[in-house]
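Enquirer: Next up, work.cif (mmCIF, N, CA and C atoms).
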```
data_upload
loop_
_atom_site.label_atom_id
_atom_site.label_comp_id
_atom_site.auth_asym_id
_atom_site.auth_seq_id
_atom_site.Cartn_x
_atom_site.Cartn_y
_atom_site.Cartn_z
N MET C 28 83.50 109.41 104.49
CA MET C 28 84.63 108.52 104.30
C MET C 28 85.91 109.32 104.50
N GLU C 29 86.85 108.74 105.25
CA GLU C 29 88.12 109.40 105.53
C GLU C 29 89.29 108.56 105.07
N LEU C 30 90.36 109.22 104.72
CA LEU C 30 91.61 108.55 104.43
C LEU C 30 92.19 108.09 105.75
N GLN C 31 92.48 106.79 105.86
CA GLN C 31 92.98 106.23 107.12
C GLN C 31 94.39 105.69 106.94
N PHE C 32 95.24 105.97 107.90
CA PHE C 32 96.59 105.43 107.93
C PHE C 32 96.52 104.03 108.53
N GLU C 33 97.09 103.03 107.86
CA GLU C 33 97.10 101.67 108.39
C GLU C 33 98.44 101.30 108.99
N LYS C 34 99.53 101.47 108.23
CA LYS C 34 100.85 101.19 108.78
C LYS C 34 101.94 101.75 107.89
N GLU C 35 103.16 101.67 108.39
CA GLU C 35 104.34 102.15 107.69
C GLU C 35 105.39 101.05 107.71
N ALA C 36 106.12 100.93 106.61
CA ALA C 36 107.24 99.99 106.54
C ALA C 36 108.42 100.72 105.92
N SER C 37 109.63 100.34 106.30
CA SER C 37 110.80 100.96 105.69
C SER C 37 111.97 99.99 105.68
N ASP C 38 112.84 100.20 104.72
CA ASP C 38 114.10 99.47 104.64
C ASP C 38 115.08 100.37 103.90
N VAL C 39 116.21 99.83 103.44
CA VAL C 39 117.23 100.66 102.80
C VAL C 39 116.72 101.34 101.53
N ARG C 40 115.65 100.80 100.94
CA ARG C 40 115.10 101.37 99.69
C ARG C 40 114.28 102.62 99.94
N GLY C 41 113.73 102.80 101.15
CA GLY C 41 112.85 103.92 101.47
C GLY C 41 111.64 103.46 102.25
N LYS C 42 110.62 104.31 102.32
CA LYS C 42 109.42 104.03 103.12
C LYS C 42 108.22 103.68 102.25
N ILE C 43 107.29 102.96 102.87
CA ILE C 43 105.98 102.72 102.28
C ILE C 43 104.94 103.08 103.33
N LEU C 44 104.01 103.96 102.98
CA LEU C 44 102.88 104.29 103.84
C LEU C 44 101.66 103.59 103.27
N MET C 45 100.98 102.80 104.10
CA MET C 45 99.82 102.04 103.66
C MET C 45 98.56 102.72 104.20
N LEU C 46 97.69 103.12 103.25
CA LEU C 46 96.50 103.89 103.58
C LEU C 46 95.26 103.17 103.06
N ARG C 47 94.11 103.57 103.61
CA ARG C 47 92.82 103.03 103.15
C ARG C 47 91.85 104.20 103.00
N TYR C 48 91.09 104.15 101.91
CA TYR C 48 90.04 105.13 101.67
C TYR C 48 88.81 104.35 101.25
N GLY C 49 87.93 104.05 102.18
CA GLY C 49 86.78 103.19 101.90
C GLY C 49 87.27 101.81 101.51
N ASN C 50 86.87 101.34 100.33
CA ASN C 50 87.32 100.03 99.84
C ASN C 50 88.68 100.09 99.14
N LYS C 51 89.15 101.27 98.87
CA LYS C 51 90.43 101.42 98.17
C LYS C 51 91.60 101.37 99.15
N ARG C 52 92.65 100.72 98.69
CA ARG C 52 93.92 100.72 99.43
C ARG C 52 94.91 101.52 98.61
N ILE C 53 95.68 102.34 99.29
CA ILE C 53 96.65 103.20 98.62
C ILE C 53 97.98 103.06 99.34
N ASN C 54 99.00 102.69 98.60
CA ASN C 54 100.36 102.64 99.15
C ASN C 54 101.16 103.79 98.55
N LEU C 55 101.75 104.60 99.40
CA LEU C 55 102.67 105.64 98.95
C LEU C 55 104.07 105.10 99.14
N VAL C 56 104.82 105.00 98.05
CA VAL C 56 106.09 104.29 98.06
C VAL C 56 107.24 105.21 97.66
N GLU C 57 108.18 105.35 98.57
CA GLU C 57 109.40 106.11 98.32
C GLU C 57 110.49 105.10 97.93
N THR C 58 111.23 105.40 96.86
CA THR C 58 112.33 104.53 96.47
C THR C 58 113.56 105.39 96.21
N LYS C 59 114.63 105.06 96.90
CA LYS C 59 115.88 105.80 96.73
C LYS C 59 116.60 105.39 95.45
N LYS C 60 117.34 106.32 94.90
CA LYS C 60 118.09 106.12 93.66
C LYS C 60 118.87 104.79 93.69
N GLY C 61 118.70 104.01 92.60
CA GLY C 61 119.45 102.77 92.46
C GLY C 61 118.76 101.52 92.99
N PHE C 62 117.69 101.71 93.76
CA PHE C 62 116.98 100.56 94.32
C PHE C 62 115.74 100.23 93.50
N SER C 63 115.23 99.01 93.70
CA SER C 63 114.08 98.53 92.93
C SER C 63 112.95 98.08 93.85
N ARG C 64 111.75 98.11 93.31
CA ARG C 64 110.53 97.65 93.98
C ARG C 64 109.81 96.68 93.08
N GLY C 65 108.96 95.87 93.67
CA GLY C 65 108.14 94.94 92.91
C GLY C 65 108.81 93.59 92.82
N GLY C 66 109.04 93.14 91.57
CA GLY C 66 109.63 91.83 91.38
C GLY C 66 108.62 90.72 91.62
N HIS C 67 107.37 91.02 91.31
CA HIS C 67 106.28 90.08 91.57
C HIS C 67 105.16 90.32 90.57
N TYR C 68 104.09 89.55 90.73
CA TYR C 68 102.88 89.79 89.95
C TYR C 68 101.67 89.56 90.83
N HIS C 69 100.53 90.09 90.39
CA HIS C 69 99.27 90.01 91.13
C HIS C 69 98.23 89.32 90.27
N ASP C 70 97.17 88.84 90.90
CA ASP C 70 96.06 88.27 90.11
C ASP C 70 95.03 89.35 89.77
N PHE C 71 95.41 90.60 89.98
CA PHE C 71 94.56 91.74 89.64
C PHE C 71 95.40 92.78 88.90
N GLU C 72 94.73 93.66 88.15
CA GLU C 72 95.41 94.77 87.49
C GLU C 72 95.95 95.72 88.56
N SER C 73 97.16 96.19 88.37
CA SER C 73 97.69 97.16 89.34
C SER C 73 98.00 98.47 88.62
N LYS C 74 97.88 99.55 89.37
CA LYS C 74 98.15 100.89 88.85
C LYS C 74 99.18 101.55 89.75
N HIS C 75 100.19 102.13 89.11
CA HIS C 75 101.22 102.88 89.82
C HIS C 75 101.19 104.30 89.28
N PHE C 76 101.06 105.26 90.16
CA PHE C 76 101.02 106.67 89.79
C PHE C 76 102.37 107.28 90.18
N LEU C 77 103.26 107.41 89.21
CA LEU C 77 104.58 107.98 89.46
C LEU C 77 104.42 109.48 89.69
N MET C 78 104.72 109.91 90.91
CA MET C 78 104.50 111.31 91.30
C MET C 78 105.75 112.16 91.23
N SER C 79 106.92 111.54 91.43
CA SER C 79 108.17 112.29 91.30
C SER C 79 109.28 111.33 90.94
N GLY C 80 110.24 111.84 90.19
CA GLY C 80 111.42 111.06 89.86
C GLY C 80 111.44 110.50 88.46
N LEU C 81 112.47 109.71 88.21
CA LEU C 81 112.71 109.06 86.93
C LEU C 81 112.96 107.58 87.26
N ILE C 82 112.27 106.68 86.55
CA ILE C 82 112.37 105.25 86.84
C ILE C 82 112.60 104.44 85.57
N GLU C 83 113.07 103.22 85.79
CA GLU C 83 113.04 102.20 84.74
C GLU C 83 111.94 101.23 85.14
N TYR C 84 111.00 100.99 84.23
CA TYR C 84 109.90 100.06 84.48
C TYR C 84 110.07 98.84 83.58
N ARG C 85 110.07 97.66 84.20
CA ARG C 85 110.17 96.41 83.44
C ARG C 85 108.96 95.55 83.73
N GLU C 86 108.44 94.93 82.68
CA GLU C 86 107.38 93.94 82.86
C GLU C 86 107.60 92.83 81.86
N LYS C 87 107.13 91.63 82.23
CA LYS C 87 107.36 90.47 81.37
C LYS C 87 106.05 89.75 81.09
N ASN C 88 105.77 89.54 79.81
CA ASN C 88 104.61 88.76 79.39
C ASN C 88 105.03 87.29 79.47
N LEU C 89 104.51 86.57 80.45
CA LEU C 89 104.93 85.19 80.67
C LEU C 89 104.44 84.24 79.57
N GLN C 90 103.36 84.59 78.91
CA GLN C 90 102.82 83.70 77.87
C GLN C 90 103.73 83.64 76.64
N ILE C 91 104.33 84.77 76.29
CA ILE C 91 105.19 84.77 75.09
C ILE C 91 106.66 85.00 75.44
N GLY C 92 106.96 85.21 76.74
CA GLY C 92 108.33 85.40 77.18
C GLY C 92 108.95 86.72 76.78
N GLU C 93 108.14 87.71 76.43
CA GLU C 93 108.63 89.01 75.98
C GLU C 93 108.71 89.98 77.15
N GLU C 94 109.86 90.66 77.26
CA GLU C 94 110.03 91.67 78.31
C GLU C 94 110.01 93.06 77.68
N LYS C 95 109.37 93.99 78.39
CA LYS C 95 109.30 95.38 77.96
C LYS C 95 109.99 96.23 79.02
N THR C 96 110.87 97.12 78.59
CA THR C 96 111.57 98.03 79.51
C THR C 96 111.35 99.46 79.02
N GLN C 97 110.94 100.34 79.94
CA GLN C 97 110.70 101.75 79.60
C GLN C 97 111.34 102.64 80.65
N THR C 98 111.84 103.78 80.23
CA THR C 98 112.29 104.82 81.15
C THR C 98 111.16 105.84 81.21
N LEU C 99 110.68 106.10 82.43
CA LEU C 99 109.50 106.95 82.62
C LEU C 99 109.81 108.08 83.59
N ARG C 100 109.30 109.26 83.29
CA ARG C 100 109.48 110.44 84.13
C ARG C 100 108.11 110.85 84.69
N ALA C 101 108.11 111.28 85.95
CA ALA C 101 106.88 111.76 86.58
C ALA C 101 106.43 113.05 85.91
N PRO C 102 105.14 113.26 85.84
CA PRO C 102 104.05 112.38 86.27
C PRO C 102 103.74 111.35 85.18
N PHE C 103 103.41 110.14 85.62
CA PHE C 103 103.09 109.07 84.68
C PHE C 103 102.26 108.01 85.40
N VAL C 104 101.32 107.40 84.69
CA VAL C 104 100.51 106.31 85.25
C VAL C 104 100.89 105.01 84.53
N ILE C 105 101.24 104.01 85.31
CA ILE C 105 101.59 102.69 84.79
C ILE C 105 100.45 101.73 85.13
N VAL C 106 99.91 101.07 84.14
CA VAL C 106 98.86 100.07 84.35
C VAL C 106 99.46 98.71 84.00
N THR C 107 99.49 97.81 84.97
CA THR C 107 100.08 96.49 84.79
C THR C 107 98.97 95.45 84.77
N PRO C 108 98.88 94.67 83.69
CA PRO C 108 97.83 93.64 83.62
C PRO C 108 98.02 92.57 84.69
N PRO C 109 96.95 91.85 85.03
CA PRO C 109 97.07 90.75 85.98
C PRO C 109 98.08 89.72 85.49
N MET C 110 98.73 89.04 86.43
CA MET C 110 99.65 87.94 86.15
C MET C 110 100.86 88.37 85.30
N THR C 111 101.27 89.63 85.44
CA THR C 111 102.40 90.17 84.69
C THR C 111 103.49 90.60 85.68
N PRO C 112 104.62 89.88 85.73
CA PRO C 112 105.71 90.31 86.61
C PRO C 112 106.17 91.72 86.23
N HIS C 113 106.45 92.52 87.25
CA HIS C 113 106.88 93.90 87.02
C HIS C 113 107.88 94.32 88.08
N MET C 114 108.70 95.30 87.71
CA MET C 114 109.71 95.83 88.62
C MET C 114 109.97 97.29 88.28
N ILE C 115 110.08 98.11 89.31
CA ILE C 115 110.36 99.53 89.16
C ILE C 115 111.72 99.80 89.79
N THR C 116 112.63 100.40 89.02
CA THR C 116 113.96 100.76 89.53
C THR C 116 114.09 102.28 89.46
N ALA C 117 114.47 102.87 90.59
CA ALA C 117 114.60 104.33 90.68
C ALA C 117 115.92 104.78 90.05
N ILE C 118 115.83 105.56 88.99
CA ILE C 118 117.02 106.17 88.38
C ILE C 118 117.41 107.40 89.20
N THR C 119 116.40 108.10 89.70
CA THR C 119 116.58 109.18 90.68
C THR C 119 115.66 108.83 91.85
N ASP C 120 115.84 109.48 92.99
CA ASP C 120 114.89 109.26 94.09
C ASP C 120 113.49 109.46 93.52
N SER C 121 112.56 108.59 93.89
CA SER C 121 111.23 108.68 93.30
C SER C 121 110.15 108.33 94.32
N VAL C 122 108.93 108.73 93.98
CA VAL C 122 107.75 108.43 94.79
C VAL C 122 106.63 108.02 93.84
N PHE C 123 105.96 106.91 94.18
CA PHE C 123 104.77 106.53 93.43
C PHE C 123 103.70 106.07 94.40
N ALA C 124 102.46 106.15 93.93
CA ALA C 124 101.31 105.64 94.68
C ALA C 124 100.79 104.43 93.93
N GLU C 125 100.36 103.44 94.68
CA GLU C 125 99.79 102.22 94.11
C GLU C 125 98.40 102.09 94.71
N GLU C 126 97.39 101.85 93.87
CA GLU C 126 96.03 101.71 94.40
C GLU C 126 95.39 100.43 93.89
N PHE C 127 94.58 99.83 94.77
CA PHE C 127 93.87 98.61 94.43
C PHE C 127 92.70 98.47 95.38
N GLU C 128 91.76 97.60 95.06
CA GLU C 128 90.55 97.47 95.87
C GLU C 128 90.46 96.18 96.65
N GLN C 129 91.28 95.20 96.34
CA GLN C 129 91.22 93.94 97.06
C GLN C 129 92.36 93.85 98.07
N ASP C 130 92.32 92.80 98.88
CA ASP C 130 93.44 92.59 99.79
C ASP C 130 94.69 92.39 98.95
N TYR C 131 95.79 92.95 99.43
CA TYR C 131 97.04 92.88 98.70
C TYR C 131 97.59 91.45 98.74
N SER C 132 97.92 90.95 97.57
CA SER C 132 98.62 89.67 97.48
C SER C 132 99.52 89.73 96.26
N ALA C 133 100.69 89.12 96.38
CA ALA C 133 101.65 89.13 95.28
C ALA C 133 102.41 87.80 95.27
N THR C 134 102.77 87.37 94.08
CA THR C 134 103.59 86.18 93.90
C THR C 134 104.94 86.64 93.37
N ASP C 135 106.01 86.28 94.08
CA ASP C 135 107.35 86.68 93.65
C ASP C 135 107.70 86.09 92.30
N TYR C 136 108.41 86.87 91.50
CA TYR C 136 108.95 86.42 90.22
C TYR C 136 110.47 86.34 90.41
N PRO C 137 111.02 85.12 90.53
CA PRO C 137 112.43 84.95 90.94
C PRO C 137 113.45 85.76 90.14
N GLU C 138 113.29 85.89 88.84
CA GLU C 138 114.24 86.64 88.02
C GLU C 138 114.35 88.10 88.48
N TYR C 139 113.22 88.74 88.76
CA TYR C 139 113.22 90.13 89.21
C TYR C 139 113.57 90.24 90.70
N ARG C 140 113.08 89.32 91.52
CA ARG C 140 113.36 89.39 92.97
C ARG C 140 114.85 89.28 93.23
N ALA C 141 115.57 88.48 92.42
CA ALA C 141 117.01 88.34 92.60
C ALA C 141 117.71 89.69 92.39
N ILE C 142 117.26 90.47 91.43
CA ILE C 142 117.83 91.79 91.18
C ILE C 142 117.59 92.70 92.38
N ILE C 143 116.37 92.68 92.89
CA ILE C 143 116.02 93.53 94.03
C ILE C 143 116.84 93.16 95.26
N THR C 144 116.93 91.88 95.55
CA THR C 144 117.64 91.40 96.73
C THR C 144 119.12 91.73 96.65
N GLN C 145 119.72 91.52 95.48
CA GLN C 145 121.15 91.80 95.29
C GLN C 145 121.48 93.24 95.60
N LYS C 146 120.64 94.18 95.18
CA LYS C 146 120.90 95.61 95.40
C LYS C 146 120.78 95.99 96.87
N MET C 147 120.05 95.19 97.65
CA MET C 147 119.82 95.53 99.06
C MET C 147 120.95 95.05 99.98
N ILE C 148 121.87 94.26 99.43
CA ILE C 148 122.98 93.71 100.25
C ILE C 148 124.03 94.76 100.48
#
```
Written as structure tokens, how would this file's structure read?
Expert:
Amino acid sequence: MELQFEKEASDVRGKILMLRYGNKRINLVETKKGFSRGGHYHDFESKHFLMSGLIEYREKNLQIGEEKTQTLRAPFVIVTPPMTPHMITAITDSVFAEEFEQDYSATDYPEYRAIITQKMI
């Protein structure tokens, strides 16, 4: 089994390298200081491996309406439960890896997506 490069995407926030290792998918995500990623939720548990930098991590429990905000420094592993909106904001330039085994799908969470979009203008 080999690590395979699938594609690359980039915008003002930084680059994302999309890789595959057997059934696992791995995204390497660069985020420049002040920009945010995510703003969505998945129907599967997601894991983010913060490899460098300092971030603000926000997630919202939709069932009780409670939001949790943490400042995290690399190295750190973030485990996000299914159906939980989440957003990562880079306090310093940062890099994280995201891994999952199913096809990637996400549902936007308007409250967080608005923050992400505003910063990209």
Enquirer: Pick out the residues sitting within 5 Å of Glu128 in chain C, and hand them over as a compact mmCIF listing (two decimals) with N, CA and C atoms, in the coordinates of the input; count only N, CA and C atoms, and ignore anything fewer than 2 positions along from it in its own chain.
Expert:
```
# COMPACT_ATOMS: atom_id res chain seq x y z
N ASN C 50 86.87 101.34 100.33
CA ASN C 50 87.32 100.03 99.84
C ASN C 50 88.68 100.09 99.14
N LYS C 51 89.15 101.27 98.87
CA LYS C 51 90.43 101.42 98.17
C LYS C 51 91.60 101.37 99.15
N ARG C 52 92.65 100.72 98.69
CA ARG C 52 93.92 100.72 99.43
C ARG C 52 94.91 101.52 98.61
N GLU C 126 97.39 101.85 93.87
CA GLU C 126 96.03 101.71 94.40
C GLU C 126 95.39 100.43 93.89
N ASP C 130 92.32 92.80 98.88
CA ASP C 130 93.44 92.59 99.79
C ASP C 130 94.69 92.39 98.95
```
Enquirer: Quick one: pick out all alpha helix (DSSP H) residues within chain C from a backbone DSSP run and write them as a PyMOL selection string.
Expert: chain C and resi 137-147
Enquirer: For CA of Leu89 in chain C and atom C of Pro112 in chain C, quote the distance in Å rounded to one decimal.
Expert: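 A separation of 8.7 Å between them.
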Enquirer: Going by the chain IDs and residue numbers used in this file, which residues fall under the PyMOL selection byres (((chain C and resi 65 and name CA) around 9) and name CA)? Write them as a ChimeraX atom specification.
Expert: /C:63-64,66-68,112-116,135-136,139-140,143
Enquirer: Which is closest to Glu72 in chain C among C:Leu30, C:Met147, C:Val106, C:Ala133, if we use only N, CA and C atoms?
Expert: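 Closest residue, counting only N, CA and C atoms: C:Val106.
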Enquirer: What does the PyMOL selection byres ((chain C and resi 94-102) around 8) select in this file, as a PDB file with N, CA and C atoms, keeping the file's coordinate frame?
Expert:
```pdb
ATOM      1  N   PHE C  76     101.060 105.260  90.160  1.00  0.00           N
ATOM      2  CA  PHE C  76     101.020 106.670  89.790  1.00  0.00           C
ATOM      3  C   PHE C  76     102.370 107.280  90.180  1.00  0.00           C
ATOM      4  N   LEU C  77     103.260 107.410  89.210  1.00  0.00           N
ATOM      5  CA  LEU C  77     104.580 107.980  89.460  1.00  0.00           C
ATOM      6  C   LEU C  77     104.420 109.480  89.690  1.00  0.00           C
ATOM      7  N   MET C  78     104.720 109.910  90.910  1.00  0.00           N
ATOM      8  CA  MET C  78     104.500 111.310  91.300  1.00  0.00           C
ATOM      9  C   MET C  78     105.750 112.160  91.230  1.00  0.00           C
ATOM     10  N   SER C  79     106.920 111.540  91.430  1.00  0.00           N
ATOM     11  CA  SER C  79     108.170 112.290  91.300  1.00  0.00           C
ATOM     12  C   SER C  79     109.280 111.330  90.940  1.00  0.00           C
ATOM     13  N   GLY C  80     110.240 111.840  90.190  1.00  0.00           N
ATOM     14  CA  GLY C  80     111.420 111.060  89.860  1.00  0.00           C
ATOM     15  C   GLY C  80     111.440 110.500  88.460  1.00  0.00           C
ATOM     16  N   LEU C  81     112.470 109.710  88.210  1.00  0.00           N
ATOM     17  CA  LEU C  81     112.710 109.060  86.930  1.00  0.00           C
ATOM     18  C   LEU C  81     112.960 107.580  87.260  1.00  0.00           C
ATOM     19  N   ILE C  82     112.270 106.680  86.550  1.00  0.00           N
ATOM     20  CA  ILE C  82     112.370 105.250  86.840  1.00  0.00           C
ATOM     21  C   ILE C  82     112.600 104.440  85.570  1.00  0.00           C
ATOM     22  N   GLU C  83     113.070 103.220  85.790  1.00  0.00           N
ATOM     23  CA  GLU C  83     113.040 102.200  84.740  1.00  0.00           C
ATOM     24  C   GLU C  83     111.940 101.230  85.140  1.00  0.00           C
ATOM     25  N   TYR C  84     111.000 100.990  84.230  1.00  0.00           N
ATOM     26  CA  TYR C  84     109.900 100.060  84.480  1.00  0.00           C
ATOM     27  C   TYR C  84     110.070  98.840  83.580  1.00  0.00           C
ATOM     28  N   ARG C  85     110.070  97.660  84.200  1.00  0.00           N
ATOM     29  CA  ARG C  85     110.170  96.410  83.440  1.00  0.00           C
ATOM     30  C   ARG C  85     108.960  95.550  83.730  1.00  0.00           C
ATOM     31  N   GLU C  86     108.440  94.930  82.680  1.00  0.00           N
ATOM     32  CA  GLU C  86     107.380  93.940  82.860  1.00  0.00           C
ATOM     33  C   GLU C  86     107.600  92.830  81.860  1.00  0.00           C
ATOM     34  N   LYS C  87     107.130  91.630  82.230  1.00  0.00           N
ATOM     35  CA  LYS C  87     107.360  90.470  81.370  1.00  0.00           C
ATOM     36  C   LYS C  87     106.050  89.750  81.090  1.00  0.00           C
ATOM     37  N   ASN C  88     105.770  89.540  79.810  1.00  0.00           N
ATOM     38  CA  ASN C  88     104.610  88.760  79.390  1.00  0.00           C
ATOM     39  C   ASN C  88     105.030  87.290  79.470  1.00  0.00           C
ATOM     40  N   LEU C  89     104.510  86.570  80.450  1.00  0.00           N
ATOM     41  CA  LEU C  89     104.930  85.190  80.670  1.00  0.00           C
ATOM     42  C   LEU C  89     104.440  84.240  79.570  1.00  0.00           C
ATOM     43  N   ILE C  91     104.330  84.770  76.290  1.00  0.00           N
ATOM     44  CA  ILE C  91     105.190  84.770  75.090  1.00  0.00           C
ATOM     45  C   ILE C  91     106.660  85.000  75.440  1.00  0.00           C
ATOM     46  N   GLY C  92     106.960  85.210  76.740  1.00  0.00           N
ATOM     47  CA  GLY C  92     108.330  85.400  77.180  1.00  0.00           C
ATOM     48  C   GLY C  92     108.950  86.720  76.780  1.00  0.00           C
ATOM     49  N   GLU C  93     108.140  87.710  76.430  1.00  0.00           N
ATOM     50  CA  GLU C  93     108.630  89.010  75.980  1.00  0.00           C
ATOM     51  C   GLU C  93     108.710  89.980  77.150  1.00  0.00           C
ATOM     52  N   PHE C 103     103.410 110.140  85.620  1.00  0.00           N
ATOM     53  CA  PHE C 103     103.090 109.070  84.680  1.00  0.00           C
ATOM     54  C   PHE C 103     102.260 108.010  85.400  1.00  0.00           C
ATOM     55  N   VAL C 104     101.320 107.400  84.690  1.00  0.00           N
ATOM     56  CA  VAL C 104     100.510 106.310  85.250  1.00  0.00           C
ATOM     57  C   VAL C 104     100.890 105.010  84.530  1.00  0.00           C
ATOM     58  N   ILE C 105     101.240 104.010  85.310  1.00  0.00           N
ATOM     59  CA  ILE C 105     101.590 102.690  84.790  1.00  0.00           C
ATOM     60  C   ILE C 105     100.450 101.730  85.130  1.00  0.00           C
TER      61      ILE C 105
END
```
Enquirer: Please return, as an MDAnalysis selection string, all residues of range 29-148 of chain C that DSSP assigns to strand (DSSP E) on the basis of the backbone.
Expert: chainID C and resid 30:38 41:48 51:58 63:68 73:79 81:88 93:100 103:107 113:117 121:127 134:135
